[in-house]
Amino acid sequence: MKLVQFFLPGKGLRVGLVRNDLVLDITATDEAVTSTLDLVRTGKTTAGTVARAEWLSRRLRRKSVPYRDLYRTPSRRAAHLLLPILPPEIWTLVPQRPTALLGDPAQRPQYFFKGTAARAVGPEARARLRADATDTVAHPALAGILGDQNEVVAFSIATDLTARDVASRGPGFLAQATVYGGSCALGPCLVTADEFRERATFQMRYRILRQGAEACVAAFGLSDGCARIQQAAPWLRADDGIRAGTVLLAPIEIGVPSTEGVRDGDRVEVEMEGIGRLAHGVKHGLRVRD
């Protein structure tokens, strides 16, 4: 099952169920479902989330919107995709090479706090480069959405921006390099875990477009992204008191050289089979509320 959040002029944020390339509005205020986060919280598990969404789709009879029509630059005048969920928190695992082995499941995973929904942007919006940074990389990532327990109820795609020149000053600067407004992009949708089943390899494509030309292209198979997220979830929940809807990223280190980091005006695209394509712009020093 694919779920989205989208903006509808005159109505604001809506919850959508994607079916046959159409988006059915399943927002139901009387059922306390005004966001995908509400679905995850009340559904608690993958099965519960799917069942609740299916029930709402049968109960409500509204005009569908073509999914492709929602892929547009955010505007108050037209329907467009939003962040697929408004997570209470976003955490990220330390980036790994796509060929790295998973390792011992009992080993303590390395992860850190990334931000909140207010620090993230959705499809076709603009992520942000720190005003004091000159070298920033955008790691493509698989994103897991955690349920009420340790279960990962859904997956999405993300880009995790890090100011490498700020981080290189020392460990004490890592938080500044990674946690700031607009440092994460998430989307385009949520794919529930029952549909996004474990495969031997998930194919991912990443590219940076600069003035219409490809500045960087990478394609690879991601063999352990789901497992990394699933194994880290219990560690995260044990002591950090995370809530349902929290997002955990598994970024990929693709070895982008300094000269090919993201720059002001670039467009970043990450495409993953089974989920779709996340595309967003990049702006240097953009105010968080812009």
# chains A, B, ... in the order shown; residues from 1 in each chain; ligands from 1
>>> residues_around(residues="A:Thr34", least_positions_apart="4", cutoff="10 Å", atoms="only C-alpha atoms", output="mmCIF file with C-alpha atoms, in the first residue's frame")
data_model
loop_
_atom_site.group_PDB
_atom_site.id
_atom_site.type_symbol
_atom_site.label_atom_id
_atom_site.label_comp_id
_atom_site.auth_asym_id
_atom_site.auth_seq_id
_atom_site.Cartn_x
_atom_site.Cartn_y
_atom_site.Cartn_z
ATOM 1 C CA GLN A 5 0.177 13.519 2.147
ATOM 2 C CA LEU A 13 -3.196 18.859 4.168
ATOM 3 C CA ARG A 14 -4.911 15.684 2.974
ATOM 4 C CA VAL A 15 -4.163 11.992 3.404
ATOM 5 C CA ILE A 26 -9.045 9.259 2.832
ATOM 6 C CA THR A 27 -8.843 12.181 5.255
ATOM 7 C CA ALA A 28 -11.470 11.691 7.946
ATOM 8 C CA THR A 29 -11.685 14.252 10.738
ATOM 9 C CA ASP A 30 -14.474 12.330 12.487
ATOM 10 C CA ASP A 38 -2.562 9.552 12.675
ATOM 11 C CA LEU A 39 -2.829 6.342 10.613
#
>>> residues_around(residues="stretch 57-68 of chain A", least_positions_apart="2", cutoff="6 Å", atoms="only C-alpha atoms", output="ChimeraX atom specification")
/A:21-24,26,54-55,70-71
>>> residues_around(residues="stretch 75-87 of chain A", least_positions_apart="2", cutoff="6 Å", atoms="only C-alpha atoms", output="list in words")
Val4, Gln5, Phe6, Phe7, Leu8, Pro9, Thr36, Leu37, Leu70, Arg72, Glu89, Ala117, Gly122, Gly187, Cys189, Gly245 and Thr246 of chain A
>>> residues_around(residues="A:Phe155", least_positions_apart="6", cutoff="10 Å", atoms="only C-alpha atoms", output="list in words")
Lys2, Leu142, Ala143, Gly144, Ile145, Leu146, Gly187, Cys189, Leu190, Val191, Thr192, Ala193, Glu195, Phe196, Cys226, Ile229, Val247, Leu248, Leu249, Gly274 and Ile275 of chain A
>>> write_last_selection(atoms="N, CA and C atoms", output="PDB file, in the first residue's frame")
ATOM      1  N   LYS A   2       0.510   2.210  -0.849  1.00  0.00           N
ATOM      2  CA  LYS A   2       1.215   3.484  -0.883  1.00  0.00           C
ATOM      3  C   LYS A   2       0.326   4.565  -0.292  1.00  0.00           C
ATOM      4  N   LEU A 142      17.506   5.109   2.522  1.00  0.00           N
ATOM      5  CA  LEU A 142      16.236   4.426   2.733  1.00  0.00           C
ATOM      6  C   LEU A 142      15.725   4.909   4.082  1.00  0.00           C
ATOM      7  N   ALA A 143      14.440   5.213   4.171  1.00  0.00           N
ATOM      8  CA  ALA A 143      13.841   5.718   5.407  1.00  0.00           C
ATOM      9  C   ALA A 143      12.824   4.724   5.936  1.00  0.00           C
ATOM     10  N   GLY A 144      12.951   4.361   7.197  1.00  0.00           N
ATOM     11  CA  GLY A 144      11.992   3.467   7.838  1.00  0.00           C
ATOM     12  C   GLY A 144      11.117   4.241   8.802  1.00  0.00           C
ATOM     13  N   ILE A 145       9.820   3.981   8.792  1.00  0.00           N
ATOM     14  CA  ILE A 145       8.888   4.648   9.701  1.00  0.00           C
ATOM     15  C   ILE A 145       8.516   3.647  10.782  1.00  0.00           C
ATOM     16  N   LEU A 146       8.806   3.996  12.019  1.00  0.00           N
ATOM     17  CA  LEU A 146       8.611   3.077  13.133  1.00  0.00           C
ATOM     18  C   LEU A 146       7.193   3.158  13.674  1.00  0.00           C
ATOM     19  N   GLY A 187      10.374  11.583   0.932  1.00  0.00           N
ATOM     20  CA  GLY A 187       9.237  11.376   0.035  1.00  0.00           C
ATOM     21  C   GLY A 187       9.543  10.305  -1.012  1.00  0.00           C
ATOM     22  N   CYS A 189       6.400   9.097  -1.020  1.00  0.00           N
ATOM     23  CA  CYS A 189       5.262   8.409  -0.423  1.00  0.00           C
ATOM     24  C   CYS A 189       5.754   7.480   0.675  1.00  0.00           C
ATOM     25  N   LEU A 190       4.810   6.863   1.365  1.00  0.00           N
ATOM     26  CA  LEU A 190       5.103   5.767   2.285  1.00  0.00           C
ATOM     27  C   LEU A 190       4.632   4.479   1.625  1.00  0.00           C
ATOM     28  N   VAL A 191       5.473   3.464   1.658  1.00  0.00           N
ATOM     29  CA  VAL A 191       5.087   2.134   1.181  1.00  0.00           C
ATOM     30  C   VAL A 191       5.069   1.225   2.398  1.00  0.00           C
ATOM     31  N   THR A 192       3.905   0.677   2.714  1.00  0.00           N
ATOM     32  CA  THR A 192       3.798  -0.151   3.908  1.00  0.00           C
ATOM     33  C   THR A 192       4.670  -1.396   3.786  1.00  0.00           C
ATOM     34  N   ALA A 193       5.154  -1.860   4.928  1.00  0.00           N
ATOM     35  CA  ALA A 193       6.157  -2.920   4.947  1.00  0.00           C
ATOM     36  C   ALA A 193       5.668  -4.223   4.333  1.00  0.00           C
ATOM     37  N   GLU A 195       4.057  -4.538   1.639  1.00  0.00           N
ATOM     38  CA  GLU A 195       4.255  -4.450   0.193  1.00  0.00           C
ATOM     39  C   GLU A 195       5.739  -4.326  -0.162  1.00  0.00           C
ATOM     40  N   PHE A 196       6.481  -3.632   0.686  1.00  0.00           N
ATOM     41  CA  PHE A 196       7.904  -3.428   0.434  1.00  0.00           C
ATOM     42  C   PHE A 196       8.687  -4.569   1.079  1.00  0.00           C
ATOM     43  N   CYS A 226      16.969  -2.383   4.738  1.00  0.00           N
ATOM     44  CA  CYS A 226      15.838  -2.765   5.592  1.00  0.00           C
ATOM     45  C   CYS A 226      16.323  -3.397   6.887  1.00  0.00           C
ATOM     46  N   ILE A 229      17.814  -0.906   9.425  1.00  0.00           N
ATOM     47  CA  ILE A 229      16.791  -0.138  10.123  1.00  0.00           C
ATOM     48  C   ILE A 229      16.077  -1.006  11.158  1.00  0.00           C
ATOM     49  N   VAL A 247      11.069   8.591  12.165  1.00  0.00           N
ATOM     50  CA  VAL A 247      11.745   8.142  10.950  1.00  0.00           C
ATOM     51  C   VAL A 247      13.202   7.822  11.264  1.00  0.00           C
ATOM     52  N   LEU A 248      13.671   6.682  10.773  1.00  0.00           N
ATOM     53  CA  LEU A 248      15.065   6.271  10.928  1.00  0.00           C
ATOM     54  C   LEU A 248      15.664   6.080   9.546  1.00  0.00           C
ATOM     55  N   LEU A 249      16.723   6.840   9.244  1.00  0.00           N
ATOM     56  CA  LEU A 249      17.348   6.811   7.935  1.00  0.00           C
ATOM     57  C   LEU A 249      18.539   5.859   7.907  1.00  0.00           C
ATOM     58  N   GLY A 274      10.063   0.169  -6.229  1.00  0.00           N
ATOM     59  CA  GLY A 274       9.114  -0.161  -5.172  1.00  0.00           C
ATOM     60  C   GLY A 274       8.595   1.050  -4.424  1.00  0.00           C
ATOM     61  N   ILE A 275       9.314   2.181  -4.505  1.00  0.00           N
ATOM     62  CA  ILE A 275       8.868   3.392  -3.809  1.00  0.00           C
ATOM     63  C   ILE A 275       8.604   4.519  -4.789  1.00  0.00           C
TER      64      ILE A 275
END
>>> select_by_dssp(residues="stretch 67-181 of chain A", states="alpha helix (DSSP H)", output="JSON, numbers by chain")
{"A": [164, 165, 166, 167, 174, 175, 176, 177, 178]}
>>> atom_distance(atom1="atom CA of A:Tyr111", atom2="atom CA of A:Arg277")
25.1 Å
>>> closest_residue(among="A:Val94, A:Asp266, A:Gln231, A:Gly281", to="A:Gln107", atoms="only C-alpha atoms")
A:Gln231
>>> atom_distance(atom1="atom CA of A:Leu236", atom2="atom CA of A:Ala154")
16.8 Å
>>> closest_residue(among="A:Leu161, A:Val268, A:Leu222, A:Cys184", to="A:Arg210", atoms="only C-alpha atoms")
A:Val268
>>> atom_distance(atom1="atom CA of A:Leu129", atom2="atom CA of A:Lys283")
6.1 Å
>>> closest_atom_pairs(of="stretch 114-162 of chain A", to="stretch 176-183 of chain A", cutoff="7 Å", atoms="only C-alpha atoms", output="tab-separated table")
residue	atom	partner	partner_atom	distance
A:Lys114	CA	A:Val179	CA	5.3
A:Gly115	CA	A:Val179	CA	5.9
A:Arg119	CA	A:Gly181	CA	4.2
A:Ala120	CA	A:Gly182	CA	5.1
A:Val121	CA	A:Gly182	CA	6.1
A:Ala127	CA	A:Gly182	CA	4.8
A:Arg128	CA	A:Gly182	CA	4.7
A:Asp160	CA	A:Ser183	CA	6.5
A:Leu161	CA	A:Ser183	CA	5.0
A:Thr162	CA	A:Thr178	CA	4.8
>>> write_last_selection(atoms="N, CA and C atoms", output="mmCIF file, in the first residue's frame")
data_model
loop_
_atom_site.group_PDB
_atom_site.id
_atom_site.type_symbol
_atom_site.label_atom_id
_atom_site.label_comp_id
_atom_site.auth_asym_id
_atom_site.auth_seq_id
_atom_site.Cartn_x
_atom_site.Cartn_y
_atom_site.Cartn_z
ATOM 1 N N LYS A 114 18.720 13.554 13.927
ATOM 2 C CA LYS A 114 18.821 14.333 12.698
ATOM 3 C C LYS A 114 17.941 15.587 12.726
ATOM 4 N N GLY A 115 16.763 15.474 13.298
ATOM 5 C CA GLY A 115 15.894 16.635 13.307
ATOM 6 C C GLY A 115 14.449 16.262 13.557
ATOM 7 N N ARG A 119 12.320 20.466 10.212
ATOM 8 C CA ARG A 119 13.646 20.578 9.596
ATOM 9 C C ARG A 119 13.744 19.773 8.301
ATOM 10 N N ALA A 120 12.636 19.227 7.849
ATOM 11 C CA ALA A 120 12.627 18.403 6.639
ATOM 12 C C ALA A 120 11.770 19.058 5.560
ATOM 13 N N VAL A 121 12.034 18.683 4.308
ATOM 14 C CA VAL A 121 11.244 19.185 3.181
ATOM 15 C C VAL A 121 10.715 18.004 2.383
ATOM 16 N N ALA A 127 15.664 21.782 -0.327
ATOM 17 C CA ALA A 127 16.478 21.523 0.843
ATOM 18 C C ALA A 127 17.450 22.694 1.001
ATOM 19 N N ARG A 128 18.167 22.720 2.118
ATOM 20 C CA ARG A 128 18.960 23.902 2.432
ATOM 21 C C ARG A 128 20.411 23.547 2.731
ATOM 22 N N ASP A 160 19.955 12.905 3.004
ATOM 23 C CA ASP A 160 20.487 13.361 4.282
ATOM 24 C C ASP A 160 21.653 14.300 3.991
ATOM 25 N N LEU A 161 21.445 15.604 4.191
ATOM 26 C CA LEU A 161 22.479 16.582 3.881
ATOM 27 C C LEU A 161 23.414 16.793 5.066
ATOM 28 N N THR A 162 24.716 16.825 4.775
ATOM 29 C CA THR A 162 25.743 17.063 5.797
ATOM 30 C C THR A 162 26.767 18.049 5.263
#
>>> select_by_dssp(residues="stretch 67-254 of chain A", states="strand (DSSP E)", output="JSON, numbers by chain")
{"A": [80, 81, 90, 91, 92, 93, 111, 112, 113, 114, 115, 120, 121, 126, 127, 128, 129, 136, 137, 138, 139, 140, 141, 142, 143, 144, 145, 146, 152, 153, 154, 155, 156, 157, 158, 159, 160, 161, 162, 163, 184, 185, 186, 187, 188, 189, 190, 191, 192, 202, 203, 204, 205, 206, 207, 208, 209, 210, 213, 214, 215, 216, 217, 218, 219, 220, 221, 222, 247, 248, 249, 250, 251]}
>>> closest_residue(among="A:Val153, A:Arg207, A:Phe220, A:Val166", to="A:Ala131", atoms="only C-alpha atoms")
A:Val166
>>> closest_residue(among="A:Pro95, A:Arg267, A:Val152, A:Ala51", to="A:Ala213", atoms="only C-alpha atoms")
A:Arg267
>>> residues_around(residues="A:Asp148", least_positions_apart="5", cutoff="10 Å", atoms="only C-alpha atoms", output="PyMOL selection string")
chain A and resi 40-46+153+237+242-246
>>> write_last_selection(atoms="N, CA and C atoms", output="PDB file, in the first residue's frame")
ATOM      1  N   VAL A  40      -0.573   5.837  11.344  1.00  0.00           N
ATOM      2  CA  VAL A  40       0.468   5.017  11.969  1.00  0.00           C
ATOM      3  C   VAL A  40       0.238   4.887  13.468  1.00  0.00           C
ATOM      4  N   ARG A  41      -0.146   5.977  14.108  1.00  0.00           N
ATOM      5  CA  ARG A  41      -0.373   5.943  15.554  1.00  0.00           C
ATOM      6  C   ARG A  41      -1.545   5.051  15.923  1.00  0.00           C
ATOM      7  N   THR A  42      -2.658   5.199  15.206  1.00  0.00           N
ATOM      8  CA  THR A  42      -3.850   4.424  15.551  1.00  0.00           C
ATOM      9  C   THR A  42      -3.768   2.996  15.037  1.00  0.00           C
ATOM     10  N   GLY A  43      -3.083   2.809  13.896  1.00  0.00           N
ATOM     11  CA  GLY A  43      -2.928   1.456  13.367  1.00  0.00           C
ATOM     12  C   GLY A  43      -1.952   0.621  14.170  1.00  0.00           C
ATOM     13  N   LYS A  44      -0.913   1.285  14.727  1.00  0.00           N
ATOM     14  CA  LYS A  44       0.101   0.689  15.606  1.00  0.00           C
ATOM     15  C   LYS A  44       1.045  -0.267  14.890  1.00  0.00           C
ATOM     16  N   THR A  45       0.522  -1.132  14.021  1.00  0.00           N
ATOM     17  CA  THR A  45       1.345  -2.100  13.295  1.00  0.00           C
ATOM     18  C   THR A  45       1.119  -1.914  11.794  1.00  0.00           C
ATOM     19  N   THR A  46       1.900  -2.637  10.999  1.00  0.00           N
ATOM     20  CA  THR A  46       1.692  -2.583   9.552  1.00  0.00           C
ATOM     21  C   THR A  46       0.282  -3.040   9.196  1.00  0.00           C
ATOM     22  N   VAL A 153       6.840   0.005  10.094  1.00  0.00           N
ATOM     23  CA  VAL A 153       5.530  -0.158   9.450  1.00  0.00           C
ATOM     24  C   VAL A 153       5.533   0.277   7.992  1.00  0.00           C
ATOM     25  N   ARG A 237      14.563   2.606  20.480  1.00  0.00           N
ATOM     26  CA  ARG A 237      13.404   2.682  21.348  1.00  0.00           C
ATOM     27  C   ARG A 237      13.752   2.429  22.816  1.00  0.00           C
ATOM     28  N   ILE A 242      11.336   7.081  21.833  1.00  0.00           N
ATOM     29  CA  ILE A 242      10.768   7.542  20.568  1.00  0.00           C
ATOM     30  C   ILE A 242       9.284   7.210  20.472  1.00  0.00           C
ATOM     31  N   ARG A 243       8.587   7.970  19.650  1.00  0.00           N
ATOM     32  CA  ARG A 243       7.142   7.791  19.476  1.00  0.00           C
ATOM     33  C   ARG A 243       6.837   7.225  18.089  1.00  0.00           C
ATOM     34  N   ALA A 244       5.640   6.669  17.954  1.00  0.00           N
ATOM     35  CA  ALA A 244       5.216   6.137  16.662  1.00  0.00           C
ATOM     36  C   ALA A 244       5.293   7.225  15.605  1.00  0.00           C
ATOM     37  N   GLY A 245       5.754   6.856  14.415  1.00  0.00           N
ATOM     38  CA  GLY A 245       5.914   7.803  13.340  1.00  0.00           C
ATOM     39  C   GLY A 245       7.321   8.349  13.216  1.00  0.00           C
ATOM     40  N   THR A 246       8.190   8.004  14.158  1.00  0.00           N
ATOM     41  CA  THR A 246       9.586   8.426  14.077  1.00  0.00           C
ATOM     42  C   THR A 246      10.234   7.813  12.841  1.00  0.00           C
TER      43      THR A 246
END
>>> residues_around(residues="A:Thr159", least_positions_apart="6", cutoff="7 Å", atoms="only C-alpha atoms", output="short mmCIF file (atom, residue, chain, number, x, y, z; two decimals) with C-alpha atoms, in the first residue's frame")
data_model
loop_
_atom_site.label_atom_id
_atom_site.label_comp_id
_atom_site.auth_asym_id
_atom_site.auth_seq_id
_atom_site.Cartn_x
_atom_site.Cartn_y
_atom_site.Cartn_z
CA ALA A 138 23.46 14.80 0.11
CA HIS A 139 23.47 11.11 1.01
CA PRO A 140 20.67 9.04 -0.57
CA ALA A 141 18.90 7.02 2.08
CA CYS A 184 16.65 16.42 5.12
CA ALA A 185 14.29 15.67 2.24
CA LEU A 186 11.70 12.89 2.49
#
